[in-house]
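J.: You'll find final32.cif just under this line, and it carries mmCIF, C-alpha atoms.
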data_input
loop_
_atom_site.label_atom_id
_atom_site.label_comp_id
_atom_site.auth_asym_id
_atom_site.auth_seq_id
_atom_site.Cartn_x
_atom_site.Cartn_y
_atom_site.Cartn_z
CA MET A 10 120.03 49.71 46.60
CA ASN A 11 121.29 46.26 45.70
CA VAL A 12 123.76 47.58 43.18
CA LEU A 13 124.91 50.15 45.72
CA THR A 14 125.76 47.49 48.32
CA GLU A 15 127.68 45.55 45.67
CA PHE A 16 129.68 48.63 44.79
CA PHE A 17 130.22 49.23 48.49
CA TYR A 18 131.98 45.86 48.79
CA VAL A 19 134.27 46.56 45.86
CA PHE A 20 135.01 50.05 47.13
CA PHE A 21 135.65 48.85 50.69
CA PHE A 22 138.04 46.11 49.58
CA THR A 23 139.89 48.54 47.33
CA ILE A 24 140.42 50.99 50.19
CA VAL A 25 141.64 48.23 52.50
CA ALA A 26 144.02 46.92 49.83
CA VAL A 27 145.54 50.38 49.45
CA ILE A 28 145.91 50.78 53.23
CA PHE A 29 147.41 47.30 53.55
CA ALA A 30 149.98 48.05 50.86
CA ILE A 31 150.91 51.42 52.37
CA VAL A 32 151.33 49.95 55.87
CA ALA A 33 153.42 47.12 54.43
CA VAL A 34 155.75 49.67 52.88
CA ILE A 35 155.96 51.89 55.98
CA LEU A 36 156.85 48.98 58.31
CA PRO A 37 160.34 48.29 56.92
CA LYS A 38 161.04 52.03 56.98
CA LEU A 39 160.70 51.83 60.77
CA LEU A 40 162.47 48.50 61.24
CA SER A 41 165.25 48.38 58.72
CA PRO A 42 168.79 49.72 58.92
CA ARG A 43 169.95 52.52 56.64
CA THR A 44 173.07 52.59 54.55
CA SER A 45 174.54 55.26 52.35
CA GLY A 46 177.54 54.32 50.31
CA LYS A 47 178.78 56.17 47.26
CA LYS A 48 176.95 53.87 44.85
CA THR A 49 174.02 52.75 47.00
CA PHE A 50 171.35 54.60 45.09
CA THR A 51 172.55 54.11 41.53
CA THR A 52 170.41 52.22 39.08
CA TYR A 53 171.27 48.54 38.79
CA GLU A 54 172.86 47.60 35.51
CA CYS A 55 174.71 44.36 36.20
CA GLY A 56 177.59 46.09 37.93
CA ILE A 57 178.60 48.61 35.28
CA GLU A 58 177.95 52.34 35.43
CA PRO A 59 174.52 52.97 33.87
CA PHE A 60 174.88 54.77 30.56
CA GLY A 61 172.32 56.85 28.72
CA SER A 62 168.68 57.17 29.58
CA ALA A 63 166.90 54.03 30.69
CA TRP A 64 163.87 54.98 28.62
CA ILE A 65 165.15 53.33 25.51
CA ARG A 66 163.42 52.68 22.22
CA TYR A 67 161.90 49.28 21.74
CA SER A 68 160.54 47.31 18.82
CA ILE A 69 157.59 48.67 16.82
CA ALA A 70 156.16 45.13 16.86
CA TYR A 71 154.79 45.67 20.36
CA TYR A 72 152.81 48.65 19.13
CA LEU A 73 151.17 46.66 16.35
CA TYR A 74 150.12 43.94 18.78
CA ALA A 75 148.63 46.57 21.05
CA LEU A 76 146.68 48.06 18.15
CA ILE A 77 144.98 44.82 17.12
CA PHE A 78 144.35 44.04 20.78
CA ILE A 79 142.31 47.22 21.24
CA ALA A 80 140.04 46.36 18.31
CA PHE A 81 139.58 42.83 19.62
CA ASP A 82 139.00 43.62 23.25
CA VAL A 83 136.28 46.15 22.52
CA ASP A 84 134.55 43.77 20.14
CA ILE A 85 134.63 40.86 22.53
CA LEU A 86 132.99 42.99 25.21
CA TYR A 87 129.90 43.05 22.95
CA LEU A 88 129.70 39.27 23.26
CA PHE A 89 129.20 39.39 27.03
CA PRO A 90 125.60 40.69 26.95
CA VAL A 91 124.92 38.27 24.11
CA ALA A 92 126.04 35.38 26.31
CA LEU A 93 123.40 36.20 28.91
CA SER A 94 120.41 36.11 26.59
CA TYR A 95 121.62 33.67 23.96
CA THR A 96 119.44 30.68 24.83
CA ARG A 97 116.33 32.70 25.74
CA GLY A 98 115.05 32.92 22.16
CA SER A 99 114.49 29.68 20.34
CA ALA A 100 115.14 30.84 16.77
CA VAL A 101 118.36 30.23 14.91
CA TYR A 102 118.53 33.98 14.29
CA GLU A 103 120.97 34.45 17.20
CA PHE A 104 123.28 31.79 15.87
CA TYR A 105 123.60 33.47 12.49
CA SER A 106 124.25 36.83 14.14
CA LEU A 107 126.99 35.23 16.24
CA LEU A 108 128.40 33.51 13.16
CA ILE A 109 128.63 36.75 11.17
CA PHE A 110 130.12 38.65 14.12
CA ILE A 111 132.83 36.04 14.75
CA ILE A 112 133.68 35.64 11.07
CA ILE A 113 134.25 39.40 10.81
CA LEU A 114 136.52 39.22 13.88
CA LEU A 115 138.40 36.27 12.39
CA LEU A 116 138.87 38.24 9.17
CA ALA A 117 140.65 40.87 11.25
CA ILE A 118 143.19 38.26 12.38
CA ILE A 119 143.61 36.95 8.85
CA TYR A 120 144.13 40.52 7.61
CA ALA A 121 146.77 41.22 10.27
CA TRP A 122 148.41 37.88 9.49
CA GLY A 123 148.53 38.67 5.79
CA LYS A 124 149.92 42.12 6.48
CA GLY A 125 152.82 40.52 8.38
CA VAL A 126 152.03 41.82 11.86
CA PHE A 127 152.93 38.45 13.33
CA GLN A 128 156.32 38.39 11.62
CA TRP A 129 159.29 39.78 13.51
CA LYS A 130 161.90 40.97 11.11
CA ARG A 131 165.44 40.03 11.99
CA LYS A 132 167.55 43.12 12.39
CA THR A 133 170.32 43.22 9.79
CA PRO A 134 173.66 44.11 11.33
CA MET B 20 110.50 56.30 59.43
CA GLU B 21 110.27 52.53 59.33
CA ARG B 22 112.00 52.53 55.97
CA LEU B 23 114.86 54.47 57.45
CA THR B 24 115.41 51.94 60.26
CA ASP B 25 115.29 49.19 57.66
CA ILE B 26 118.03 50.87 55.71
CA ILE B 27 120.12 51.36 58.84
CA ALA B 28 119.68 47.70 59.78
CA LEU B 29 120.67 46.68 56.26
CA VAL B 30 123.73 48.92 56.28
CA GLY B 31 124.77 47.46 59.65
CA GLU B 32 124.32 43.93 58.40
CA GLU B 33 126.28 44.58 55.24
CA THR B 34 129.10 46.26 57.17
CA VAL B 35 129.45 43.28 59.49
CA ARG B 36 129.44 40.96 56.47
CA ALA B 37 132.03 43.04 54.68
CA ILE B 38 134.38 43.14 57.68
CA ALA B 39 133.99 39.42 58.39
CA GLY B 40 134.60 38.71 54.71
CA LEU B 41 137.63 40.95 54.68
CA ILE B 42 139.21 39.16 57.64
CA GLY B 43 138.54 35.80 55.99
CA VAL B 44 140.01 36.95 52.69
CA LEU B 45 143.13 38.37 54.35
CA ILE B 46 143.66 35.06 56.14
CA VAL B 47 143.31 33.16 52.85
CA VAL B 48 145.71 35.55 51.07
CA VAL B 49 148.39 35.32 53.76
CA VAL B 50 148.08 31.56 54.36
CA ASN B 51 148.10 30.94 50.61
CA ALA B 52 151.24 33.02 50.15
CA ILE B 53 152.97 31.21 53.02
CA LEU B 54 151.92 27.84 51.66
CA LEU B 55 152.94 28.59 48.08
CA THR B 56 156.37 30.06 48.84
CA TRP B 57 157.06 26.91 50.81
CA ALA B 58 155.47 24.55 48.27
CA GLU B 59 157.27 26.15 45.35
CA ARG B 60 160.67 25.39 46.85
CA LYS B 61 159.64 21.99 48.15
CA VAL B 62 158.17 20.94 44.78
CA ALA B 63 161.21 22.33 42.97
CA GLY B 64 163.47 20.41 45.32
CA HIS B 65 161.76 17.09 44.96
CA MET B 66 161.47 17.40 41.19
CA GLN B 67 165.23 17.82 41.03
CA ARG B 68 165.87 15.02 43.53
CA ARG B 69 166.78 17.42 46.32
CA ILE B 70 164.84 17.83 49.56
CA GLY B 71 164.23 21.55 49.46
CA PRO B 72 164.06 23.64 52.65
CA LYS B 73 164.31 21.52 55.80
CA GLU B 74 166.32 23.40 58.43
CA VAL B 75 163.76 25.92 59.70
CA GLY B 76 161.05 24.03 61.55
CA PRO B 77 159.64 20.59 60.67
CA TYR B 78 159.91 20.02 56.88
CA GLY B 79 160.99 23.64 56.57
CA LEU B 80 157.47 24.85 57.32
CA ILE B 81 158.66 27.88 59.28
CA GLN B 82 160.79 29.01 56.33
CA PRO B 83 158.15 31.39 54.87
CA PHE B 84 157.89 33.20 58.23
CA ALA B 85 161.65 33.58 58.35
CA ASP B 86 161.51 35.05 54.85
CA THR B 87 158.76 37.46 55.82
CA PHE B 88 160.71 38.80 58.77
CA LYS B 89 163.83 39.03 56.68
CA LEU B 90 162.00 41.10 54.07
CA LEU B 91 160.49 43.28 56.79
CA ALA B 92 163.92 44.05 58.17
CA LYS B 93 165.44 44.84 54.78
CA GLU B 94 166.23 48.37 53.80
CA LEU B 95 163.83 50.05 51.41
CA LEU B 96 166.19 51.26 48.72
CA VAL B 97 164.82 53.82 46.28
CA PRO B 98 167.32 54.42 43.47
CA LYS B 99 167.91 58.10 42.84
CA ASP B 100 166.77 58.26 39.22
CA VAL B 101 163.30 56.76 39.60
CA ALA B 102 160.09 58.61 38.76
CA LYS B 103 159.02 58.81 42.41
CA PRO B 104 155.19 58.94 42.23
CA LEU B 105 154.96 56.14 39.67
CA TYR B 106 157.58 54.02 41.41
CA HIS B 107 155.68 54.10 44.69
CA LEU B 108 152.26 53.74 43.10
CA ALA B 109 152.97 50.43 41.33
CA PRO B 110 153.18 48.05 44.34
CA ILE B 111 150.02 49.57 45.80
CA LEU B 112 148.15 49.26 42.52
CA ILE B 113 149.08 45.60 42.06
CA PHE B 114 147.62 44.69 45.42
CA ILE B 115 144.10 46.03 44.70
CA PRO B 116 142.96 43.27 42.27
CA VAL B 117 144.35 40.67 44.67
CA LEU B 118 141.84 41.56 47.38
CA VAL B 119 138.90 42.59 45.20
CA SER B 120 138.87 39.36 43.18
CA PHE B 121 138.16 37.40 46.34
CA ILE B 122 134.80 39.13 46.87
CA VAL B 123 133.04 36.97 44.31
CA ILE B 124 134.86 33.63 44.59
CA PRO B 125 132.48 31.05 46.11
CA PHE B 126 134.35 28.88 48.60
CA ASP B 127 131.18 27.02 49.54
CA ALA B 128 127.45 27.26 48.88
CA GLN B 129 127.12 29.88 51.63
CA LEU B 130 130.73 30.93 52.00
CA GLN B 131 131.16 33.88 49.68
CA VAL B 132 131.82 37.47 50.64
CA LYS B 133 129.15 38.81 48.30
CA ASP B 134 127.42 37.19 45.34
CA ILE B 135 127.69 40.10 42.92
CA ASN B 136 125.58 39.27 39.89
CA MET B 137 128.32 40.55 37.55
CA GLY B 138 130.90 38.48 39.43
CA ILE B 139 133.25 37.47 36.66
CA LEU B 140 133.27 40.98 35.20
CA VAL B 141 134.52 42.33 38.54
CA ILE B 142 137.44 39.90 38.46
CA LEU B 143 138.26 40.56 34.81
CA ALA B 144 138.02 44.33 35.18
CA PHE B 145 140.22 44.48 38.25
CA SER B 146 142.76 41.98 37.00
CA SER B 147 143.46 44.42 34.16
CA LEU B 148 144.78 46.79 36.82
CA SER B 149 147.81 44.57 37.31
CA VAL B 150 148.87 45.27 33.71
CA PHE B 151 148.89 48.98 34.50
CA SER B 152 150.84 48.31 37.64
CA ILE B 153 153.50 46.34 35.79
CA LEU B 154 153.82 49.01 33.12
CA ILE B 155 154.07 51.77 35.74
CA ALA B 156 156.64 49.77 37.71
CA GLY B 157 158.76 49.19 34.62
CA TRP B 158 158.54 52.78 33.44
CA GLY B 159 158.98 54.35 36.86
CA SER B 160 162.06 52.31 37.78
CA HIS B 161 164.24 54.07 35.20
CA ASN B 162 166.06 50.85 34.47
CA LYS B 163 166.50 49.25 31.08
CA TYR B 164 165.74 45.75 32.30
CA SER B 165 162.59 46.92 34.03
CA LEU B 166 161.34 48.73 30.95
CA ILE B 167 161.94 45.80 28.61
CA GLY B 168 160.33 43.44 31.12
CA ALA B 169 157.30 45.69 31.47
CA VAL B 170 156.81 46.12 27.74
CA ARG B 171 157.02 42.38 27.23
CA SER B 172 154.67 41.74 30.09
CA VAL B 173 152.04 44.11 28.73
CA ALA B 174 152.25 42.63 25.22
CA GLN B 175 151.92 39.15 26.69
CA ASN B 176 149.07 40.01 29.03
CA ILE B 177 146.96 41.64 26.35
CA ALA B 178 147.65 38.83 23.89
CA TYR B 179 146.48 36.16 26.32
CA GLU B 180 143.58 38.14 27.69
CA ILE B 181 141.53 37.53 24.54
CA PRO B 182 141.61 33.70 24.58
CA LEU B 183 140.98 33.91 28.33
CA LEU B 184 137.84 36.00 27.81
CA LEU B 185 136.65 33.80 24.94
CA SER B 186 137.05 30.55 26.85
CA LEU B 187 135.13 32.00 29.81
CA LEU B 188 132.48 33.25 27.37
CA ALA B 189 131.89 29.71 26.13
CA VAL B 190 130.96 28.73 29.69
CA ILE B 191 128.83 31.83 30.20
CA PHE B 192 126.93 30.95 27.01
CA MET B 193 125.97 27.66 28.67
CA ALA B 194 125.28 28.98 32.15
CA ASN B 195 123.63 32.27 31.14
CA SER B 196 124.95 34.09 34.18
CA PHE B 197 127.93 36.17 35.28
CA SER B 198 127.48 35.20 38.92
CA LEU B 199 130.09 32.63 39.93
CA LYS B 200 127.64 30.93 42.24
CA ASP B 201 125.09 30.44 39.46
CA ILE B 202 127.81 28.98 37.30
CA VAL B 203 128.70 26.43 39.99
CA GLU B 204 125.01 25.59 40.44
CA ALA B 205 124.68 25.06 36.68
CA GLN B 206 127.27 22.27 36.94
CA LYS B 207 125.26 20.11 39.32
CA GLY B 208 124.77 17.49 36.59
CA LEU B 209 128.08 17.30 34.79
CA TRP B 210 131.08 19.58 35.15
CA PHE B 211 131.66 22.03 32.32
CA VAL B 212 135.12 20.59 31.71
CA PHE B 213 133.39 17.64 30.02
CA TYR B 214 131.30 19.92 27.79
CA GLN B 215 134.12 22.37 27.17
CA PRO B 216 137.47 20.51 27.28
CA ILE B 217 139.04 22.84 24.70
CA ALA B 218 137.88 25.95 26.54
CA PHE B 219 139.37 24.56 29.75
CA LEU B 220 142.75 23.95 28.14
CA ILE B 221 142.75 27.39 26.54
CA PHE B 222 141.77 29.03 29.81
CA PHE B 223 144.46 27.23 31.74
CA VAL B 224 147.23 28.05 29.27
CA ALA B 225 146.10 31.68 29.06
CA GLY B 226 145.81 31.83 32.84
CA VAL B 227 149.37 30.60 33.31
CA ALA B 228 150.49 33.24 30.81
CA GLU B 229 148.53 35.97 32.59
CA THR B 230 150.25 35.19 35.88
CA ASN B 231 153.68 35.40 34.18
CA ARG B 232 154.66 31.89 35.18
CA THR B 233 157.11 29.64 33.36
CA PRO B 234 157.01 28.74 30.43
CA PHE B 235 155.56 32.22 29.87
CA ASP B 236 157.80 34.14 32.28
CA LEU B 237 159.57 36.19 29.63
CA PRO B 238 158.82 39.45 31.51
CA GLU B 239 161.10 38.35 34.32
CA ALA B 240 163.42 36.01 32.50
CA GLU B 241 166.31 35.81 34.97
CA SER B 242 168.91 34.88 32.44
CA GLU B 243 168.46 38.02 30.35
CA LEU B 244 166.46 40.61 32.30
CA VAL B 245 167.70 40.12 35.90
CA ALA B 246 164.20 40.26 37.45
CA GLY B 247 162.17 42.09 34.83
CA PHE B 248 159.85 44.85 35.97
CA HIS B 249 160.67 44.51 39.68
CA THR B 250 164.45 44.69 39.36
CA GLU B 251 164.67 47.97 41.29
CA TYR B 252 162.24 47.07 44.05
CA SER B 253 163.44 45.95 47.44
CA SER B 254 162.10 45.00 50.85
CA MET B 255 158.31 45.02 51.27
CA GLN B 256 157.64 46.60 47.89
CA PHE B 257 159.27 43.56 46.34
CA ALA B 258 157.29 41.37 48.73
CA LEU B 259 154.03 42.97 47.56
CA PHE B 260 154.80 42.02 43.95
CA PHE B 261 155.51 38.49 45.08
CA LEU B 262 152.41 38.30 47.25
CA ALA B 263 150.37 39.46 44.26
CA GLU B 264 151.98 36.88 42.00
CA TYR B 265 151.29 33.98 44.32
CA THR B 266 147.74 35.13 45.01
CA ASN B 267 147.12 35.47 41.27
CA ILE B 268 148.13 31.84 40.82
CA PHE B 269 145.52 30.95 43.40
CA ILE B 270 142.87 33.17 41.79
CA VAL B 271 143.42 31.72 38.32
CA SER B 272 143.14 28.20 39.73
CA ALA B 273 140.05 29.16 41.71
CA ILE B 274 138.35 30.58 38.61
CA ALA B 275 139.24 27.47 36.63
CA THR B 276 137.77 25.36 39.44
CA THR B 277 134.61 27.45 39.56
CA PHE B 278 134.05 27.59 35.82
CA PHE B 279 135.11 24.13 34.73
CA LEU B 280 135.55 21.76 37.65
CA GLY B 281 132.27 22.21 39.49
CA GLY B 282 133.57 24.60 42.15
CA TYR B 283 132.58 23.50 45.62
CA SER B 284 130.35 20.63 44.51
CA GLY B 285 131.43 17.08 45.25
CA PRO B 286 130.28 14.01 47.15
CA VAL B 287 130.57 13.21 50.90
CA LEU B 288 133.02 15.89 52.02
CA PRO B 289 131.90 19.48 52.69
CA GLY B 290 132.10 21.88 49.77
CA ILE B 291 134.94 24.02 51.05
CA ILE B 292 137.27 21.01 51.18
CA TRP B 293 136.40 20.08 47.61
CA PHE B 294 137.02 23.65 46.54
CA PHE B 295 140.48 23.76 48.06
CA VAL B 296 141.41 20.27 46.87
CA LYS B 297 140.54 21.16 43.27
CA THR B 298 142.15 24.59 43.43
CA TYR B 299 145.41 23.38 44.95
CA GLY B 300 145.46 20.51 42.48
CA LEU B 301 145.58 23.08 39.69
CA VAL B 302 148.10 25.19 41.61
CA PHE B 303 150.33 22.13 41.82
CA VAL B 304 150.08 21.67 38.06
CA ILE B 305 151.21 25.28 37.58
CA LEU B 306 154.20 24.68 39.89
CA TRP B 307 154.90 21.49 37.98
CA PHE B 308 154.92 23.38 34.65
CA ARG B 309 157.85 25.41 35.82
CA TRP B 310 160.13 22.39 36.03
CA THR B 311 158.83 20.73 32.89
CA PHE B 312 158.78 23.30 30.10
CA PRO B 313 161.62 25.53 28.99
CA ARG B 314 160.98 29.19 28.33
CA VAL B 315 159.73 29.97 24.81
CA ARG B 316 160.99 32.68 22.50
CA PHE B 317 159.05 35.91 22.76
CA ASP B 318 157.65 36.18 19.22
CA GLN B 319 156.66 32.52 19.40
CA LEU B 320 154.90 33.26 22.65
CA LEU B 321 152.82 36.11 21.23
CA ASN B 322 152.11 34.34 17.95
CA PHE B 323 151.01 31.19 19.75
CA SER B 324 148.20 33.22 21.22
CA TRP B 325 147.28 35.17 18.09
CA LYS B 326 147.66 32.37 15.55
CA ILE B 327 146.48 29.34 17.48
CA LEU B 328 144.66 30.08 20.72
CA ILE B 329 142.45 32.93 19.49
CA PRO B 330 141.18 31.26 16.27
CA LEU B 331 140.72 28.03 18.22
CA SER B 332 138.69 29.71 20.93
CA PHE B 333 136.56 31.51 18.31
CA ILE B 334 135.78 28.19 16.68
CA ASN B 335 135.06 26.67 20.07
CA LEU B 336 132.64 29.50 20.81
CA LEU B 337 130.90 29.04 17.46
CA VAL B 338 130.51 25.31 17.99
CA THR B 339 129.12 25.98 21.46
CA GLY B 340 126.66 28.46 20.03
CA GLY B 341 125.62 26.04 17.31
CA ILE B 342 125.08 23.11 19.69
CA LEU B 343 123.07 25.24 22.12
CA LYS B 344 120.64 26.09 19.31
CA ILE B 345 120.05 22.51 18.18
#
Would you write the structure of this file as structure tokens?
T.:
Amino acid sequence: MNVLTEFFYVFFFTIVAVIFAIVAVILPKLLSPRTSGKKTFTTYECGIEPFGSAWIRYSIAYYLYALIFIAFDVDILYLFPVALSYTRGSAVYEFYSLLIFIIILLLAIIYAWGKGVFQWKRKTP
Amino acid sequence: MERLTDIIALVGEETVRAIAGLIGVLIVVVVNAILLTWAERKVAGHMQRRIGPKEVGPYGLIQPFADTFKLLAKELLVPKDVAKPLYHLAPILIFIPVLVSFIVIPFDAQLQVKDINMGILVILAFSSLSVFSILIAGWGSHNKYSLIGAVRSVAQNIAYEIPLLLSLLAVIFMANSFSLKDIVEAQKGLWFVFYQPIAFLIFFVAGVAETNRTPFDLPEAESELVAGFHTEYSSMQFALFFLAEYTNIFIVSAIATTFFLGGYSGPVLPGIIWFFVKTYGLVFVILWFRWTFPRVRFDQLLNFSWKILIPLSFINLLVTGGILKI
């Protein structure tokens, strides 16, 4: 029951946010003037005629960053439940578990670093 | 039968609370946006030895209203090449985390829409939605500047999300709770900023980066990308992106206040005043950043997070864990 009411709040606020945004977009449709020149609806490209598709290729570096992020983000999620119960037990057992877990995560960064993920190669002309 | 009436009474009570909370939150969102659009220009002006807006109303205070009406009366231009569903979805999607995050922020000991016991997870989960929104906006606009801006923004947001999570984790290790109210109550003795100065700095830097503010505003770097992912948006759709940006500044400052600066606790004055004083203090620092630091290069920006902030926050977390066990 308690969890349900909490979800109800989140759900309710989400719905209202969507309605608010839709109303905010409809309002200027009613109020604003309309123009239609020859070039009104062309894509903006600093004044020149847009050429080619806008969905261009971009650097592979972004993809590598995204890949290591996924590994990290999932692993860090495991630390959240640990944070809740960390001080409940009195043994040092938890500390060593945390130590091993974090060292393995740090090794991942060192590995990526060594592999040159963090180096952006200058394009040769 | 009695159980049923109980449930109905509870549902009624919760509905009233939700609606009252919603009205309060909407007021905070709108007033905050009005205040920040004004403060941004006023602070910018005074830092450059100008006066900033002064014509519309006393000290230019009516200026934000004038802007709102101007944006309302602007034509909603939809360029002809856009991917229509995605293009229209993005401004709606970016507004969801703005409202939902406010559910769990404690303005005062009693003044909180709902004390969800997974509070911080709600904020973190929903704030990830804004990354989607930016990517969808950039992709759907069918504009080169928008796409490059969106790709940069996503790379930056995911890079800085990890130090952000880790610095919050260090506090959660000490407070043993996800509920924001419990975390404030745990700081009755000494604020966490004194136990966790490094975590505070990391959180604040990562928070500024997450909101795409200068010096981390590469996604919308005016000098090279026009306006980044919202280049093709006009009128109220543009205003929604801006409303979200200004509210996100407030939310980041509010979380920093709650986690590190003792939230609503403080002597003499009522809690809500302390909360707003601390939060707007941090907001001012973020505005100040913009006129102090130049923009950094993009690979430096990403590598600063991966090479410095993340290892540092791991070490900080380990030290915290070690000290808690002594």
J.: For Phe89 in chain A, work out the shell of residues within 9 Å, counting only C-alpha atoms and skipping chain neighbours fewer than 2 positions away, then give it as a list of chain:residue names.
T.: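 Answer for this query is A:Ile85, A:Leu86, A:Tyr87, A:Val91, A:Ala92, A:Leu93, B:Leu188, B:Ile191, B:Phe192, B:Phe197.
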J.: Carefully work through the PyMOL selection byres ((chain B and resi 199) around 12) for this structure and note down the residues it includes, as a CSV table (one decimal) with C-alpha atoms, keeping the file's coordinate frame.
T.:
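The result, stored in part.csv:
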chain,number,residue,atom,x,y,z
B,120,SER,CA,138.9,39.4,43.2
B,121,PHE,CA,138.2,37.4,46.3
B,122,ILE,CA,134.8,39.1,46.9
B,123,VAL,CA,133.0,37.0,44.3
B,124,ILE,CA,134.9,33.6,44.6
B,125,PRO,CA,132.5,31.0,46.1
B,126,PHE,CA,134.4,28.9,48.6
B,127,ASP,CA,131.2,27.0,49.5
B,128,ALA,CA,127.4,27.3,48.9
B,131,GLN,CA,131.2,33.9,49.7
B,132,VAL,CA,131.8,37.5,50.6
B,133,LYS,CA,129.2,38.8,48.3
B,134,ASP,CA,127.4,37.2,45.3
B,135,ILE,CA,127.7,40.1,42.9
B,136,ASN,CA,125.6,39.3,39.9
B,137,MET,CA,128.3,40.6,37.6
B,138,GLY,CA,130.9,38.5,39.4
B,139,ILE,CA,133.2,37.5,36.7
B,140,LEU,CA,133.3,41.0,35.2
B,141,VAL,CA,134.5,42.3,38.5
B,142,ILE,CA,137.4,39.9,38.5
B,187,LEU,CA,135.1,32.0,29.8
B,190,VAL,CA,131.0,28.7,29.7
B,191,ILE,CA,128.8,31.8,30.2
B,194,ALA,CA,125.3,29.0,32.2
B,195,ASN,CA,123.6,32.3,31.1
B,196,SER,CA,125.0,34.1,34.2
B,197,PHE,CA,127.9,36.2,35.3
B,198,SER,CA,127.5,35.2,38.9
B,200,LYS,CA,127.6,30.9,42.2
B,201,ASP,CA,125.1,30.4,39.5
B,202,ILE,CA,127.8,29.0,37.3
B,203,VAL,CA,128.7,26.4,40.0
B,204,GLU,CA,125.0,25.6,40.4
B,205,ALA,CA,124.7,25.1,36.7
B,206,GLN,CA,127.3,22.3,36.9
B,273,ALA,CA,140.0,29.2,41.7
B,274,ILE,CA,138.4,30.6,38.6
B,275,ALA,CA,139.2,27.5,36.6
B,276,THR,CA,137.8,25.4,39.4
B,277,THR,CA,134.6,27.4,39.6
B,278,PHE,CA,134.0,27.6,35.8
B,279,PHE,CA,135.1,24.1,34.7
B,281,GLY,CA,132.3,22.2,39.5
B,282,GLY,CA,133.6,24.6,42.2
B,283,TYR,CA,132.6,23.5,45.6
J.: Please report as a PyMOL selection string which residues of chain A come no farther than 6 Å from chain B, using only C-alpha atoms.
T.: chain A and resi 22-23+26-27+30+34+37+40-42+50-52+63+92-93
J.: To one decimal place, how far is CA of Arg131 in chain A from CA of Tyr67 in chain A in Å?
T.: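 Computing the Euclidean distance for CA of Arg131 in chain A and CA of Tyr67 in chain A yields 13.9 Å.
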J.: Which residues would end up in the selection if the PyMOL selection byres ((chain B and resi 57) around 9) were applied here, given that I need the answer as a ChimeraX atom specification?
T.: /B:52-56,58-62,72,79-83
J.: Between CA of Ser253 in chain B and CA of Arg232 in chain B, what is the distance in Å, rounded to a tenth?
T.: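 Separation of CA of Ser253 in chain B and CA of Arg232 in chain B: 20.6 Å.
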J.: Figure out the distance between CA of Lys103 in chain B and CA of Val32 in chain A, please, to one decimal in Å.
T.: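 Computed distance, CA of Val32 in chain A to CA of Lys103 in chain B, equals 17.9 Å.
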J.: Give me the residues near Thr230 in chain B as a VMD selection string, where near means some atom within 7 Å (using only C-alpha atoms) and where sequence neighbours in that chain fewer than 3 positions away do not count.
T.: chain B and resid 226 to 227 264 267 to 268
J.: Which residue, A:Ile118, A:Val19, A:Ile111, A:Ala75, has the smallest gap to Asn335 in chain B when you use only C-alpha atoms?
T.: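 Counting only C-alpha atoms, the residue closest to Asn335 in chain B is A:Ile111.
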J.: Name every residue that the PyMOL selection byres ((chain A and resi 130) around 12) selects in this structure, writing the answer as a list in words with chains first and numbers rising.
T.: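 Taken on the displayed file, the PyMOL selection byres ((chain A and resi 130) around 12) yields the residues Ser68, Ile69, Ala70, Gly125, Val126, Phe127, Gln128, Trp129, Arg131, Lys132 and Thr133 of chain A; Asp318 of chain B.
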J.: Could you check which of B:Phe308, B:Ser324, B:Phe248, B:Pro216 is closest to Ser152 in chain B, using all atoms listed in the file?
T.: B:Phe248
J.: Tell me which protein, DNA and RNA residues are within 6 Å of Phe222 in chain B, counting all atoms listed in the file, leaving out same-chain ones fewer than 4 positions away, and put them as a PyMOL selection string.
T.: chain B and resi 183+186+218+226
J.: Show me, as JSON, the centre and edge lengths in Å to one decimal of the axis-aligned box that covers every listed atom of range 328-342 of chain B with 5 Å on each side.
T.:
{"center_x": 134.9, "center_y": 28.0, "center_z": 18.9, "size_x": 29.6, "size_y": 19.8, "size_z": 15.2}
